[in-house]
$ cat my_file.csv   # CSV, N, CA and C atoms
chain,number,residue,atom,x,y,z
A,89,MET,N,-3.3,8.8,-38.5
A,89,MET,CA,-2.8,7.5,-38.3
A,89,MET,C,-3.8,6.4,-38.7
A,90,ALA,N,-5.1,6.6,-38.3
A,90,ALA,CA,-6.1,5.6,-38.6
A,90,ALA,C,-6.3,5.4,-40.1
A,91,THR,N,-6.2,6.5,-40.9
A,91,THR,CA,-6.4,6.3,-42.3
A,91,THR,C,-5.2,5.7,-42.9
A,92,GLU,N,-4.0,5.9,-42.3
A,92,GLU,CA,-2.8,5.2,-42.8
A,92,GLU,C,-2.9,3.7,-42.5
A,93,LYS,N,-3.5,3.4,-41.4
A,93,LYS,CA,-3.7,1.9,-41.0
A,93,LYS,C,-4.6,1.3,-42.0
A,94,LEU,N,-5.7,2.0,-42.4
A,94,LEU,CA,-6.6,1.5,-43.4
A,94,LEU,C,-5.9,1.2,-44.7
A,95,ALA,N,-5.0,2.1,-45.2
A,95,ALA,CA,-4.3,2.0,-46.4
A,95,ALA,C,-3.4,0.7,-46.4
A,96,ALA,N,-2.9,0.3,-45.2
A,96,ALA,CA,-2.1,-0.8,-45.1
A,96,ALA,C,-2.9,-2.1,-45.0
A,97,CYS,N,-4.2,-2.1,-45.0
A,97,CYS,CA,-5.0,-3.3,-45.0
A,97,CYS,C,-5.7,-3.5,-46.3
A,98,PRO,N,-5.3,-4.4,-47.1
A,98,PRO,CA,-5.9,-4.6,-48.4
A,98,PRO,C,-7.2,-5.4,-48.4
A,99,LYS,N,-7.6,-5.9,-47.3
A,99,LYS,CA,-8.8,-6.8,-47.2
A,99,LYS,C,-10.1,-6.1,-47.7
A,100,PRO,N,-10.9,-6.8,-48.4
A,100,PRO,CA,-12.2,-6.2,-48.9
A,100,PRO,C,-13.2,-6.2,-47.7
A,101,GLY,N,-14.3,-5.5,-48.0
A,101,GLY,CA,-15.4,-5.4,-47.0
A,101,GLY,C,-15.3,-4.2,-46.2
A,102,PHE,N,-16.0,-4.1,-45.1
A,102,PHE,CA,-15.9,-3.0,-44.2
A,102,PHE,C,-14.6,-3.2,-43.3
A,103,VAL,N,-13.8,-2.1,-43.2
A,103,VAL,CA,-12.6,-2.2,-42.4
A,103,VAL,C,-12.6,-1.0,-41.5
A,104,ILE,N,-12.2,-1.2,-40.3
A,104,ILE,CA,-12.1,-0.2,-39.3
A,104,ILE,C,-10.7,-0.1,-38.8
A,105,ALA,N,-10.2,1.1,-38.6
A,105,ALA,CA,-8.9,1.4,-38.0
A,105,ALA,C,-9.0,2.5,-37.1
A,106,ALA,N,-8.2,2.5,-36.0
A,106,ALA,CA,-8.2,3.6,-35.0
A,106,ALA,C,-6.8,3.8,-34.4
A,107,ASP,N,-6.6,5.0,-33.9
A,107,ASP,CA,-5.4,5.3,-33.2
A,107,ASP,C,-5.7,6.3,-32.1
A,108,THR,N,-5.0,6.2,-31.0
A,108,THR,CA,-5.3,7.1,-29.9
A,108,THR,C,-4.0,7.8,-29.5
A,109,VAL,N,-4.1,9.1,-29.2
A,109,VAL,CA,-3.0,10.0,-28.7
A,109,VAL,C,-3.5,10.7,-27.4
A,110,VAL,N,-2.6,10.8,-26.5
A,110,VAL,CA,-2.8,11.5,-25.2
A,110,VAL,C,-2.0,12.8,-25.3
A,111,ALA,N,-2.7,14.0,-25.0
A,111,ALA,CA,-2.0,15.2,-24.9
A,111,ALA,C,-2.2,15.9,-23.6
A,112,ALA,N,-1.0,16.3,-23.0
A,112,ALA,CA,-1.0,17.1,-21.8
A,112,ALA,C,-0.5,18.5,-22.1
A,113,GLY,N,-1.4,19.5,-22.1
A,113,GLY,CA,-1.0,20.8,-22.5
A,113,GLY,C,-0.6,20.7,-24.0
A,114,ALA,N,0.5,21.2,-24.4
A,114,ALA,CA,1.0,21.1,-25.8
A,114,ALA,C,1.8,19.9,-26.1
A,115,ARG,N,2.0,19.0,-25.1
A,115,ARG,CA,2.8,17.8,-25.3
A,115,ARG,C,2.0,16.6,-25.7
A,116,ILE,N,2.5,15.9,-26.7
A,116,ILE,CA,1.9,14.7,-27.1
A,116,ILE,C,2.7,13.6,-26.3
A,117,LEU,N,2.0,12.8,-25.6
A,117,LEU,CA,2.7,11.7,-24.8
A,117,LEU,C,2.9,10.5,-25.6
A,118,PRO,N,3.9,9.7,-25.4
A,118,PRO,CA,4.2,8.5,-26.2
A,118,PRO,C,3.3,7.4,-25.8
A,119,LYS,N,3.3,6.4,-26.7
A,119,LYS,CA,2.8,5.0,-26.3
A,119,LYS,C,4.0,4.4,-25.6
A,120,THR,N,3.9,4.3,-24.3
A,120,THR,CA,5.1,3.9,-23.5
A,120,THR,C,5.5,2.5,-23.7
A,121,GLU,N,6.8,2.3,-23.9
A,121,GLU,CA,7.4,1.0,-24.1
A,121,GLU,C,8.4,0.7,-23.0
A,122,ILE,N,9.0,1.7,-22.4
A,122,ILE,CA,9.9,1.5,-21.3
A,122,ILE,C,9.5,2.1,-20.0
A,123,LEU,N,9.9,1.6,-18.9
A,123,LEU,CA,9.5,2.0,-17.6
A,123,LEU,C,9.7,3.5,-17.3
A,124,ALA,N,10.8,4.0,-17.8
A,124,ALA,CA,11.1,5.5,-17.5
A,124,ALA,C,10.1,6.4,-18.2
A,125,GLU,N,9.7,6.0,-19.5
A,125,GLU,CA,8.7,6.8,-20.2
A,125,GLU,C,7.4,6.7,-19.4
A,126,ALA,N,7.0,5.6,-19.0
A,126,ALA,CA,5.7,5.4,-18.3
A,126,ALA,C,5.7,6.2,-17.0
A,127,ALA,N,6.8,6.2,-16.2
A,127,ALA,CA,6.9,6.9,-15.0
A,127,ALA,C,6.8,8.4,-15.3
A,128,LYS,N,7.5,8.9,-16.3
A,128,LYS,CA,7.4,10.3,-16.7
A,128,LYS,C,6.0,10.7,-17.0
A,129,CYS,N,5.3,9.9,-17.8
A,129,CYS,CA,3.9,10.2,-18.1
A,129,CYS,C,3.0,10.3,-16.9
A,130,LEU,N,3.1,9.3,-16.0
A,130,LEU,CA,2.3,9.3,-14.8
A,130,LEU,C,2.6,10.6,-14.0
A,131,ARG,N,3.8,11.0,-13.8
A,131,ARG,CA,4.2,12.2,-13.0
A,131,ARG,C,3.5,13.4,-13.7
A,132,LEU,N,3.6,13.5,-15.0
A,132,LEU,CA,3.0,14.6,-15.8
A,132,LEU,C,1.5,14.6,-15.6
A,133,LEU,N,0.8,13.5,-15.7
A,133,LEU,CA,-0.6,13.5,-15.6
A,133,LEU,C,-1.2,13.6,-14.2
A,134,SER,N,-0.4,13.3,-13.2
A,134,SER,CA,-0.8,13.3,-11.8
A,134,SER,C,-1.4,14.7,-11.4
A,135,GLY,N,-2.6,14.7,-10.9
A,135,GLY,CA,-3.3,15.9,-10.4
A,135,GLY,C,-3.7,16.9,-11.5
A,136,ARG,N,-3.8,16.4,-12.7
A,136,ARG,CA,-4.3,17.4,-13.8
A,136,ARG,C,-5.1,16.7,-14.8
A,137,ARG,N,-5.8,17.5,-15.6
A,137,ARG,CA,-6.6,17.0,-16.7
A,137,ARG,C,-5.8,16.9,-18.0
A,138,HIS,N,-6.1,16.0,-18.9
A,138,HIS,CA,-5.5,15.9,-20.2
A,138,HIS,C,-6.5,15.5,-21.2
A,139,ARG,N,-6.1,15.7,-22.5
A,139,ARG,CA,-7.0,15.3,-23.6
A,139,ARG,C,-6.6,14.0,-24.2
A,140,VAL,N,-7.6,13.2,-24.7
A,140,VAL,CA,-7.4,12.0,-25.4
A,140,VAL,C,-8.0,12.2,-26.8
A,141,TYR,N,-7.2,12.0,-27.8
A,141,TYR,CA,-7.7,12.1,-29.2
A,141,TYR,C,-7.7,10.7,-29.8
A,142,THR,N,-8.9,10.3,-30.2
A,142,THR,CA,-8.9,9.0,-30.9
A,142,THR,C,-9.5,9.2,-32.3
A,143,GLY,N,-8.6,8.9,-33.3
A,143,GLY,CA,-9.1,8.9,-34.7
A,143,GLY,C,-9.6,7.6,-35.1
A,144,VAL,N,-10.7,7.6,-35.8
A,144,VAL,CA,-11.3,6.3,-36.3
A,144,VAL,C,-11.6,6.5,-37.8
A,145,ALA,N,-11.2,5.5,-38.6
A,145,ALA,CA,-11.5,5.6,-40.0
A,145,ALA,C,-12.2,4.3,-40.4
A,146,VAL,N,-13.1,4.4,-41.3
A,146,VAL,CA,-13.8,3.2,-41.8
A,146,VAL,C,-13.8,3.2,-43.3
A,147,ARG,N,-13.5,2.1,-43.9
A,147,ARG,CA,-13.6,1.9,-45.4
A,147,ARG,C,-14.7,1.0,-45.7
A,148,ALA,N,-15.5,1.4,-46.7
A,148,ALA,CA,-16.6,0.5,-47.1
A,148,ALA,C,-16.1,-0.4,-48.2
A,149,PRO,N,-16.9,-1.4,-48.6
A,149,PRO,CA,-16.5,-2.4,-49.7
A,149,PRO,C,-16.3,-1.7,-51.0
A,150,ASP,N,-17.0,-0.5,-51.2
A,150,ASP,CA,-16.7,0.2,-52.5
A,150,ASP,C,-15.5,1.1,-52.5
A,151,GLY,N,-14.8,1.1,-51.3
A,151,GLY,CA,-13.5,1.9,-51.2
A,151,GLY,C,-13.7,3.3,-50.6
A,152,LYS,N,-15.0,3.7,-50.4
A,152,LYS,CA,-15.2,5.0,-49.8
A,152,LYS,C,-14.7,5.0,-48.3
A,153,ILE,N,-14.0,6.1,-47.9
A,153,ILE,CA,-13.5,6.2,-46.6
A,153,ILE,C,-14.1,7.4,-45.9
A,154,THR,N,-14.4,7.2,-44.6
A,154,THR,CA,-14.9,8.3,-43.8
A,154,THR,C,-14.2,8.2,-42.4
A,155,SER,N,-14.0,9.3,-41.8
A,155,SER,CA,-13.2,9.3,-40.5
A,155,SER,C,-13.7,10.4,-39.6
A,156,ARG,N,-13.2,10.3,-38.4
A,156,ARG,CA,-13.6,11.2,-37.3
A,156,ARG,C,-12.6,11.2,-36.2
A,157,VAL,N,-12.4,12.3,-35.6
A,157,VAL,CA,-11.5,12.4,-34.4
A,157,VAL,C,-12.5,12.7,-33.2
A,158,VAL,N,-12.4,11.9,-32.2
A,158,VAL,CA,-13.2,12.0,-31.0
A,158,VAL,C,-12.3,12.5,-29.9
A,159,ILE,N,-12.6,13.6,-29.2
A,159,ILE,CA,-11.8,14.2,-28.2
A,159,ILE,C,-12.5,14.0,-26.8
A,160,SER,N,-11.8,13.5,-25.9
A,160,SER,CA,-12.3,13.3,-24.5
A,160,SER,C,-11.3,14.0,-23.6
A,161,VAL,N,-11.8,14.3,-22.4
A,161,VAL,CA,-10.9,14.9,-21.3
A,161,VAL,C,-11.0,14.0,-20.2
A,162,VAL,N,-9.8,13.7,-19.6
A,162,VAL,CA,-9.6,12.8,-18.5
A,162,VAL,C,-8.9,13.6,-17.4
A,163,GLY,N,-9.4,13.4,-16.1
A,163,GLY,CA,-8.7,14.0,-15.0
A,163,GLY,C,-8.1,12.9,-14.1
A,164,PHE,N,-6.9,13.1,-13.8
A,164,PHE,CA,-6.1,12.2,-12.9
A,164,PHE,C,-6.1,12.8,-11.5
A,165,ALA,N,-6.3,11.9,-10.5
A,165,ALA,CA,-6.1,12.4,-9.2
A,165,ALA,C,-4.6,12.5,-8.9
A,166,ARG,N,-4.3,13.3,-7.9
A,166,ARG,CA,-2.8,13.4,-7.6
A,166,ARG,C,-2.4,12.1,-7.1
A,167,LEU,N,-1.3,11.5,-7.6
A,167,LEU,CA,-0.8,10.2,-7.3
A,167,LEU,C,0.4,10.4,-6.3
A,168,SER,N,0.4,9.5,-5.3
A,168,SER,CA,1.6,9.5,-4.4
A,168,SER,C,2.6,8.7,-5.2
A,169,GLU,N,3.9,8.8,-4.7
A,169,GLU,CA,5.0,8.0,-5.3
A,169,GLU,C,4.7,6.5,-5.2
A,170,ALA,N,4.1,6.1,-4.1
A,170,ALA,CA,3.8,4.7,-3.8
A,170,ALA,C,2.7,4.2,-4.8
A,171,GLN,N,1.7,5.0,-5.1
A,171,GLN,CA,0.7,4.6,-6.0
A,171,GLN,C,1.3,4.5,-7.4
A,172,ALA,N,2.1,5.5,-7.8
A,172,ALA,CA,2.7,5.4,-9.1
A,172,ALA,C,3.6,4.2,-9.3
A,173,GLN,N,4.4,3.9,-8.3
A,173,GLN,CA,5.3,2.7,-8.3
A,173,GLN,C,4.5,1.4,-8.4
A,174,GLU,N,3.4,1.4,-7.6
A,174,GLU,CA,2.5,0.2,-7.7
A,174,GLU,C,1.9,-0.1,-9.0
A,175,TYR,N,1.5,1.0,-9.7
A,175,TYR,CA,0.9,0.9,-11.0
A,175,TYR,C,2.0,0.5,-12.0
A,176,LEU,N,3.2,1.1,-11.9
A,176,LEU,CA,4.2,0.8,-12.9
A,176,LEU,C,4.7,-0.7,-12.7
A,177,ALA,N,4.6,-1.2,-11.6
A,177,ALA,CA,5.0,-2.6,-11.3
A,177,ALA,C,4.0,-3.6,-12.1
A,178,THR,N,2.8,-3.1,-12.5
A,178,THR,CA,1.9,-4.0,-13.2
A,178,THR,C,2.3,-4.2,-14.6
A,179,SER,N,3.0,-3.4,-15.2
A,179,SER,CA,3.4,-3.4,-16.6
A,179,SER,C,2.1,-3.2,-17.5
A,180,GLU,N,1.0,-2.8,-16.9
A,180,GLU,CA,-0.2,-2.5,-17.7
A,180,GLU,C,0.0,-1.4,-18.6
A,181,TRP,N,0.9,-0.5,-18.3
A,181,TRP,CA,1.2,0.7,-19.1
A,181,TRP,C,1.9,0.5,-20.4
A,182,ARG,N,2.4,-0.7,-20.6
A,182,ARG,CA,3.2,-1.0,-21.8
A,182,ARG,C,2.4,-0.9,-23.1
A,183,GLY,N,2.9,-0.1,-24.0
A,183,GLY,CA,2.2,0.1,-25.3
A,183,GLY,C,1.0,1.0,-25.2
A,184,LYS,N,0.7,1.6,-24.1
A,184,LYS,CA,-0.5,2.5,-23.9
A,184,LYS,C,-0.2,3.9,-24.1
A,185,ALA,N,-1.0,4.6,-24.9
A,185,ALA,CA,-0.9,6.1,-25.0
A,185,ALA,C,-0.9,6.8,-23.7
A,186,GLY,N,0.1,7.6,-23.4
A,186,GLY,CA,0.1,8.3,-22.1
A,186,GLY,C,0.5,7.4,-20.9
A,187,GLY,N,0.8,6.1,-21.2
A,187,GLY,CA,1.3,5.3,-20.1
A,187,GLY,C,0.3,4.7,-19.2
A,188,TYR,N,-1.0,4.7,-19.6
A,188,TYR,CA,-2.0,4.1,-18.7
A,188,TYR,C,-3.2,3.5,-19.5
A,189,ALA,N,-3.9,2.6,-18.8
A,189,ALA,CA,-5.1,2.0,-19.4
A,189,ALA,C,-6.2,2.3,-18.5
A,190,ILE,N,-7.1,3.1,-19.0
A,190,ILE,CA,-8.3,3.5,-18.2
A,190,ILE,C,-9.2,2.4,-17.8
A,191,GLN,N,-9.2,1.3,-18.7
A,191,GLN,CA,-10.1,0.2,-18.4
A,191,GLN,C,-9.4,-0.8,-17.5
A,192,GLY,N,-8.3,-0.5,-17.0
A,192,GLY,CA,-7.6,-1.4,-16.1
A,192,GLY,C,-7.4,-0.8,-14.7
A,193,LYS,N,-6.3,-1.1,-14.1
A,193,LYS,CA,-6.0,-0.7,-12.7
A,193,LYS,C,-5.9,0.9,-12.6
A,194,ALA,N,-5.6,1.5,-13.7
A,194,ALA,CA,-5.5,3.0,-13.6
A,194,ALA,C,-6.9,3.6,-13.4
A,195,ALA,N,-7.9,2.9,-13.6
A,195,ALA,CA,-9.3,3.4,-13.4
A,195,ALA,C,-9.4,4.0,-11.9
A,196,ALA,N,-8.6,3.5,-11.0
A,196,ALA,CA,-8.7,4.0,-9.6
A,196,ALA,C,-8.1,5.4,-9.5
A,197,PHE,N,-7.4,5.9,-10.5
A,197,PHE,CA,-6.8,7.2,-10.5
A,197,PHE,C,-7.6,8.3,-11.2
A,198,ILE,N,-8.7,7.8,-11.8
A,198,ILE,CA,-9.5,8.8,-12.7
A,198,ILE,C,-10.6,9.4,-11.8
A,199,ASP,N,-10.5,10.8,-11.8
A,199,ASP,CA,-11.5,11.5,-11.0
A,199,ASP,C,-12.5,12.3,-11.9
A,200,PHE,N,-12.2,12.3,-13.2
A,200,PHE,CA,-13.1,13.1,-14.1
A,200,PHE,C,-13.0,12.5,-15.5
A,201,VAL,N,-14.1,12.3,-16.2
A,201,VAL,CA,-14.1,12.0,-17.6
A,201,VAL,C,-15.2,12.8,-18.3
A,202,SER,N,-14.9,13.4,-19.4
A,202,SER,CA,-15.8,14.1,-20.3
A,202,SER,C,-15.6,13.6,-21.7
A,203,GLY,N,-16.6,13.1,-22.3
A,203,GLY,CA,-16.5,12.6,-23.7
A,203,GLY,C,-16.8,11.1,-23.8
A,204,SER,N,-16.0,10.4,-24.6
A,204,SER,CA,-16.3,9.0,-25.0
A,204,SER,C,-15.4,8.1,-24.2
A,205,TYR,N,-15.9,7.4,-23.2
A,205,TYR,CA,-15.1,6.4,-22.5
A,205,TYR,C,-14.5,5.4,-23.4
A,206,SER,N,-15.3,4.9,-24.3
A,206,SER,CA,-14.8,3.9,-25.3
A,206,SER,C,-13.7,4.5,-26.2
A,207,GLY,N,-13.8,5.7,-26.4
A,207,GLY,CA,-12.8,6.4,-27.2
A,207,GLY,C,-11.5,6.5,-26.4
A,208,ILE,N,-11.5,6.7,-25.1
A,208,ILE,CA,-10.3,6.7,-24.3
A,208,ILE,C,-9.7,5.3,-24.3
A,209,VAL,N,-10.5,4.3,-24.2
A,209,VAL,CA,-10.0,2.9,-24.3
A,209,VAL,C,-9.3,2.7,-25.6
A,210,GLY,N,-9.9,3.2,-26.7
A,210,GLY,CA,-9.2,3.1,-28.0
A,210,GLY,C,-10.1,2.9,-29.2
A,211,LEU,N,-11.4,2.7,-29.0
A,211,LEU,CA,-12.3,2.7,-30.2
A,211,LEU,C,-13.6,3.3,-29.7
A,212,PRO,N,-13.9,4.5,-30.2
A,212,PRO,CA,-15.2,5.2,-29.8
A,212,PRO,C,-16.3,4.5,-30.5
A,213,LEU,N,-17.1,3.7,-29.7
A,213,LEU,CA,-18.1,2.8,-30.3
A,213,LEU,C,-19.2,3.5,-31.0
A,214,HIS,N,-19.8,4.5,-30.3
A,214,HIS,CA,-20.9,5.2,-30.8
A,214,HIS,C,-20.6,5.8,-32.2
A,215,GLU,N,-19.4,6.5,-32.2
A,215,GLU,CA,-19.0,7.2,-33.4
A,215,GLU,C,-18.6,6.2,-34.5
A,216,THR,N,-18.0,5.1,-34.2
A,216,THR,CA,-17.7,4.1,-35.2
A,216,THR,C,-19.0,3.5,-35.8
A,217,ALA,N,-20.0,3.2,-35.0
A,217,ALA,CA,-21.2,2.7,-35.5
A,217,ALA,C,-21.9,3.7,-36.4
A,218,SER,N,-21.8,5.0,-36.1
A,218,SER,CA,-22.4,6.0,-36.9
A,218,SER,C,-21.7,6.1,-38.2
A,219,LEU,N,-20.3,6.0,-38.2
A,219,LEU,CA,-19.6,6.0,-39.5
A,219,LEU,C,-20.0,4.8,-40.4
A,220,LEU,N,-20.1,3.7,-39.7
A,220,LEU,CA,-20.5,2.5,-40.5
A,220,LEU,C,-21.8,2.6,-41.1
A,221,ARG,N,-22.8,3.1,-40.3
A,221,ARG,CA,-24.2,3.3,-40.9
A,221,ARG,C,-24.2,4.2,-42.0
A,222,GLY,N,-23.4,5.3,-41.9
A,222,GLY,CA,-23.3,6.3,-43.0
A,222,GLY,C,-22.7,5.7,-44.3
A,223,LEU,N,-22.0,4.7,-44.2
A,223,LEU,CA,-21.4,4.0,-45.4
A,223,LEU,C,-22.3,2.8,-45.8
A,224,GLY,N,-23.5,2.7,-45.2
A,224,GLY,CA,-24.4,1.7,-45.7
A,224,GLY,C,-24.4,0.3,-44.9
A,225,TRP,N,-23.6,0.2,-43.9
A,225,TRP,CA,-23.5,-1.0,-43.1
A,225,TRP,C,-24.8,-1.2,-42.4
A,226,ARG,N,-25.3,-2.4,-42.4
A,226,ARG,CA,-26.5,-2.8,-41.6
A,226,ARG,C,-26.1,-4.0,-40.8
A,227,PRO,N,-26.5,-4.0,-39.6
A,227,PRO,CA,-26.2,-5.2,-38.7
A,227,PRO,C,-27.0,-6.4,-39.1
$ encode --input "my_file.csv" --output "structure tokens"
Amino acid sequence: MATEKLAACPKPGFVIAADTVVAAGARILPKTEILAEAAKCLRLLSGRRHRVYTGVAVRAPDGKITSRVVISVVGFARLSEAQAQEYLATSEWRGKAGGYAIQGKAAAFIDFVSGSYSGIVGLPLHETASLLRGLGWRP
């Protein structure tokens, strides 16, 4: 998805694109747009660990493209129905992979993280900087 986003951007210079997917077991969770989707995701994630895959792609001014997938693991505490309903009432879940934003109110539900926190948010900063440097970018 990240490389497809790059292809859709004709601007010259260094261009960065990223996309994030949440997987629980063999299921890929949606970027939630409706309340029922978000509620289903929260119930599925409650009390278990899941994987977050963030693809990042960088295009250099000369057109060369490099990319990487960063995998992180997130553990959710078991949520009560009241906690889930309180979170759903915030609408913070709207448009978020897996129906939550780790950098927001859902941070209170996270009991384990392994991998790239910034990757879970949506742009793995360390890995993106490494890709940029590999293409010749200098700050």
$ select_by_dssp --input "my_file.csv" --residues "segment 99-225 of chain A" --states "alpha helix (DSSP H)" --output "ChimeraX atom specification"
/A:123-133,169-176,205-209,213-222
$ select_by_dssp --input "my_file.csv" --residues "chain A" --states "strand (DSSP E or B)" --output "VMD selection string"
chain A and resid 103 to 112 115 to 117 119 137 to 147 153 to 164 185 198 to 202
$ residues_around --input "my_file.csv" --residues "Val110 of chain A" --least-positions-apart "6" --cutoff "8 Å" --atoms "only N, CA and C atoms" --output "ChimeraX atom specification"
/A:116-119,138-142,184-187
$ atom_distance --input "my_file.csv" --atom1 "atom C of Gly203 of chain A" --atom2 "atom C of Leu133 of chain A"
18.5 Å
$ atom_distance --input "my_file.csv" --atom1 "atom CA of Val201 of chain A" --atom2 "atom CA of Val161 of chain A"
5.7 Å
$ atom_distance --input "my_file.csv" --atom1 "atom CA of Ala196 of chain A" --atom2 "atom CA of Ile208 of chain A"
15.0 Å
$ closest_residue --input "my_file.csv" --among "A:Gly135, A:Gly210, A:Pro98, A:Pro227" --to "Gly163 of chain A" --atoms "all atoms listed in the file"
A:Gly135
$ closest_residue --input "my_file.csv" --among "A:Ala112, A:Val209, A:Val103, A:Leu220" --to "Cys129 of chain A" --atoms "only C-alpha atoms"
A:Ala112
$ residues_around --input "my_file.csv" --residues "Leu167 of chain A" --least-positions-apart "3" --cutoff "8 Å" --atoms "only N, CA and C atoms" --output "list of chain:residue names"
A:Leu130, A:Arg131, A:Leu133, A:Ser134, A:Gly135, A:Arg136, A:Phe164, A:Ala170, A:Gln171, A:Ala172, A:Gln173, A:Phe197
$ closest_residue --input "my_file.csv" --among "A:Ile198, A:Gly113, A:Gly101, A:Ser204" --to "Gly151 of chain A" --atoms "only N, CA and C atoms"
A:Gly101
$ closest_residue --input "my_file.csv" --among "A:Arg137, A:Arg147, A:Arg115, A:Lys128" --to "Lys99 of chain A" --atoms "only C-alpha atoms"
A:Arg147
$ residues_around --input "my_file.csv" --residues "His214 of chain A" --least-positions-apart "2" --cutoff "12 Å" --atoms "only C-alpha atoms" --output "list of chain:residue names"
A:Val144, A:Arg156, A:Val158, A:Gly203, A:Ser204, A:Tyr205, A:Ser206, A:Gly207, A:Leu211, A:Pro212, A:Thr216, A:Ala217, A:Ser218, A:Leu219, A:Leu220, A:Arg221
$ write_last_selection --input "my_file.csv" --atoms "N, CA and C atoms" --output "compact mmCIF listing (two decimals), in the frame of the given file"
# COMPACT_ATOMS: atom_id res chain seq x y z
N VAL A 144 -10.70 7.60 -35.80
CA VAL A 144 -11.30 6.30 -36.30
C VAL A 144 -11.60 6.50 -37.80
N ARG A 156 -13.20 10.30 -38.40
CA ARG A 156 -13.60 11.20 -37.30
C ARG A 156 -12.60 11.20 -36.20
N VAL A 158 -12.40 11.90 -32.20
CA VAL A 158 -13.20 12.00 -31.00
C VAL A 158 -12.30 12.50 -29.90
N GLY A 203 -16.60 13.10 -22.30
CA GLY A 203 -16.50 12.60 -23.70
C GLY A 203 -16.80 11.10 -23.80
N SER A 204 -16.00 10.40 -24.60
CA SER A 204 -16.30 9.00 -25.00
C SER A 204 -15.40 8.10 -24.20
N TYR A 205 -15.90 7.40 -23.20
CA TYR A 205 -15.10 6.40 -22.50
C TYR A 205 -14.50 5.40 -23.40
N SER A 206 -15.30 4.90 -24.30
CA SER A 206 -14.80 3.90 -25.30
C SER A 206 -13.70 4.50 -26.20
N GLY A 207 -13.80 5.70 -26.40
CA GLY A 207 -12.80 6.40 -27.20
C GLY A 207 -11.50 6.50 -26.40
N LEU A 211 -11.40 2.70 -29.00
CA LEU A 211 -12.30 2.70 -30.20
C LEU A 211 -13.60 3.30 -29.70
N PRO A 212 -13.90 4.50 -30.20
CA PRO A 212 -15.20 5.20 -29.80
C PRO A 212 -16.30 4.50 -30.50
N THR A 216 -18.00 5.10 -34.20
CA THR A 216 -17.70 4.10 -35.20
C THR A 216 -19.00 3.50 -35.80
N ALA A 217 -20.00 3.20 -35.00
CA ALA A 217 -21.20 2.70 -35.50
C ALA A 217 -21.90 3.70 -36.40
N SER A 218 -21.80 5.00 -36.10
CA SER A 218 -22.40 6.00 -36.90
C SER A 218 -21.70 6.10 -38.20
N LEU A 219 -20.30 6.00 -38.20
CA LEU A 219 -19.60 6.00 -39.50
C LEU A 219 -20.00 4.80 -40.40
N LEU A 220 -20.10 3.70 -39.70
CA LEU A 220 -20.50 2.50 -40.50
C LEU A 220 -21.80 2.60 -41.10
N ARG A 221 -22.80 3.10 -40.30
CA ARG A 221 -24.20 3.30 -40.90
C ARG A 221 -24.20 4.20 -42.00
$ closest_residue --input "my_file.csv" --among "A:Val109, A:Ile122, A:Arg166, A:Ala148" --to "Asp199 of chain A" --atoms "all atoms listed in the file"
A:Arg166
$ closest_residue --input "my_file.csv" --among "A:Leu213, A:Gln191, A:Ala177, A:Gly222" --to "Ala126 of chain A" --atoms "only C-alpha atoms"
A:Ala177
$ residues_near_point --input "my_file.csv" --point "(2.0, -2.5, -15.0)" --cutoff "10 Å" --atoms "only C-alpha atoms" --output "number ranges by chain"
A: 123, 126, 172-182, 187-189, 192-194
$ decode --input "my_file.csv" --residues "segment 125-136 of chain A" --atoms "N, CA and C atoms" --output "mmCIF file, in the first residue's frame"
data_model
loop_
_atom_site.group_PDB
_atom_site.id
_atom_site.type_symbol
_atom_site.label_atom_id
_atom_site.label_comp_id
_atom_site.auth_asym_id
_atom_site.auth_seq_id
_atom_site.Cartn_x
_atom_site.Cartn_y
_atom_site.Cartn_z
ATOM 1 N N GLU A 125 -18.023 -1.605 13.659
ATOM 2 C CA GLU A 125 -16.696 -2.153 13.325
ATOM 3 C C GLU A 125 -15.723 -1.942 14.474
ATOM 4 N N ALA A 126 -15.712 -0.727 15.008
ATOM 5 C CA ALA A 126 -14.787 -0.405 16.097
ATOM 6 C C ALA A 126 -15.085 -1.261 17.322
ATOM 7 N N ALA A 127 -16.354 -1.435 17.646
ATOM 8 C CA ALA A 127 -16.735 -2.258 18.805
ATOM 9 C C ALA A 127 -16.277 -3.699 18.607
ATOM 10 N N LYS A 128 -16.456 -4.224 17.398
ATOM 11 C CA LYS A 128 -16.034 -5.595 17.105
ATOM 12 C C LYS A 128 -14.519 -5.739 17.258
ATOM 13 N N CYS A 129 -13.769 -4.757 16.760
ATOM 14 C CA CYS A 129 -12.306 -4.790 16.892
ATOM 15 C C CYS A 129 -11.883 -4.761 18.353
ATOM 16 N N LEU A 130 -12.461 -3.875 19.140
ATOM 17 C CA LEU A 130 -12.089 -3.790 20.559
ATOM 18 C C LEU A 130 -12.365 -5.095 21.283
ATOM 19 N N ARG A 131 -13.510 -5.711 21.010
ATOM 20 C CA ARG A 131 -13.832 -6.997 21.645
ATOM 21 C C ARG A 131 -12.814 -8.064 21.253
ATOM 22 N N LEU A 132 -12.412 -8.051 19.985
ATOM 23 C CA LEU A 132 -11.446 -9.034 19.500
ATOM 24 C C LEU A 132 -10.062 -8.820 20.128
ATOM 25 N N LEU A 133 -9.642 -7.577 20.285
ATOM 26 C CA LEU A 133 -8.315 -7.270 20.818
ATOM 27 C C LEU A 133 -8.239 -7.388 22.338
ATOM 28 N N SER A 134 -9.358 -7.250 23.006
ATOM 29 C CA SER A 134 -9.396 -7.260 24.468
ATOM 30 C C SER A 134 -8.759 -8.517 25.057
ATOM 31 N N GLY A 135 -7.772 -8.316 25.923
ATOM 32 C CA GLY A 135 -7.135 -9.424 26.626
ATOM 33 C C GLY A 135 -6.176 -10.249 25.796
ATOM 34 N N ARG A 136 -5.756 -9.746 24.639
ATOM 35 C CA ARG A 136 -4.842 -10.538 23.820
ATOM 36 C C ARG A 136 -3.814 -9.653 23.117
#
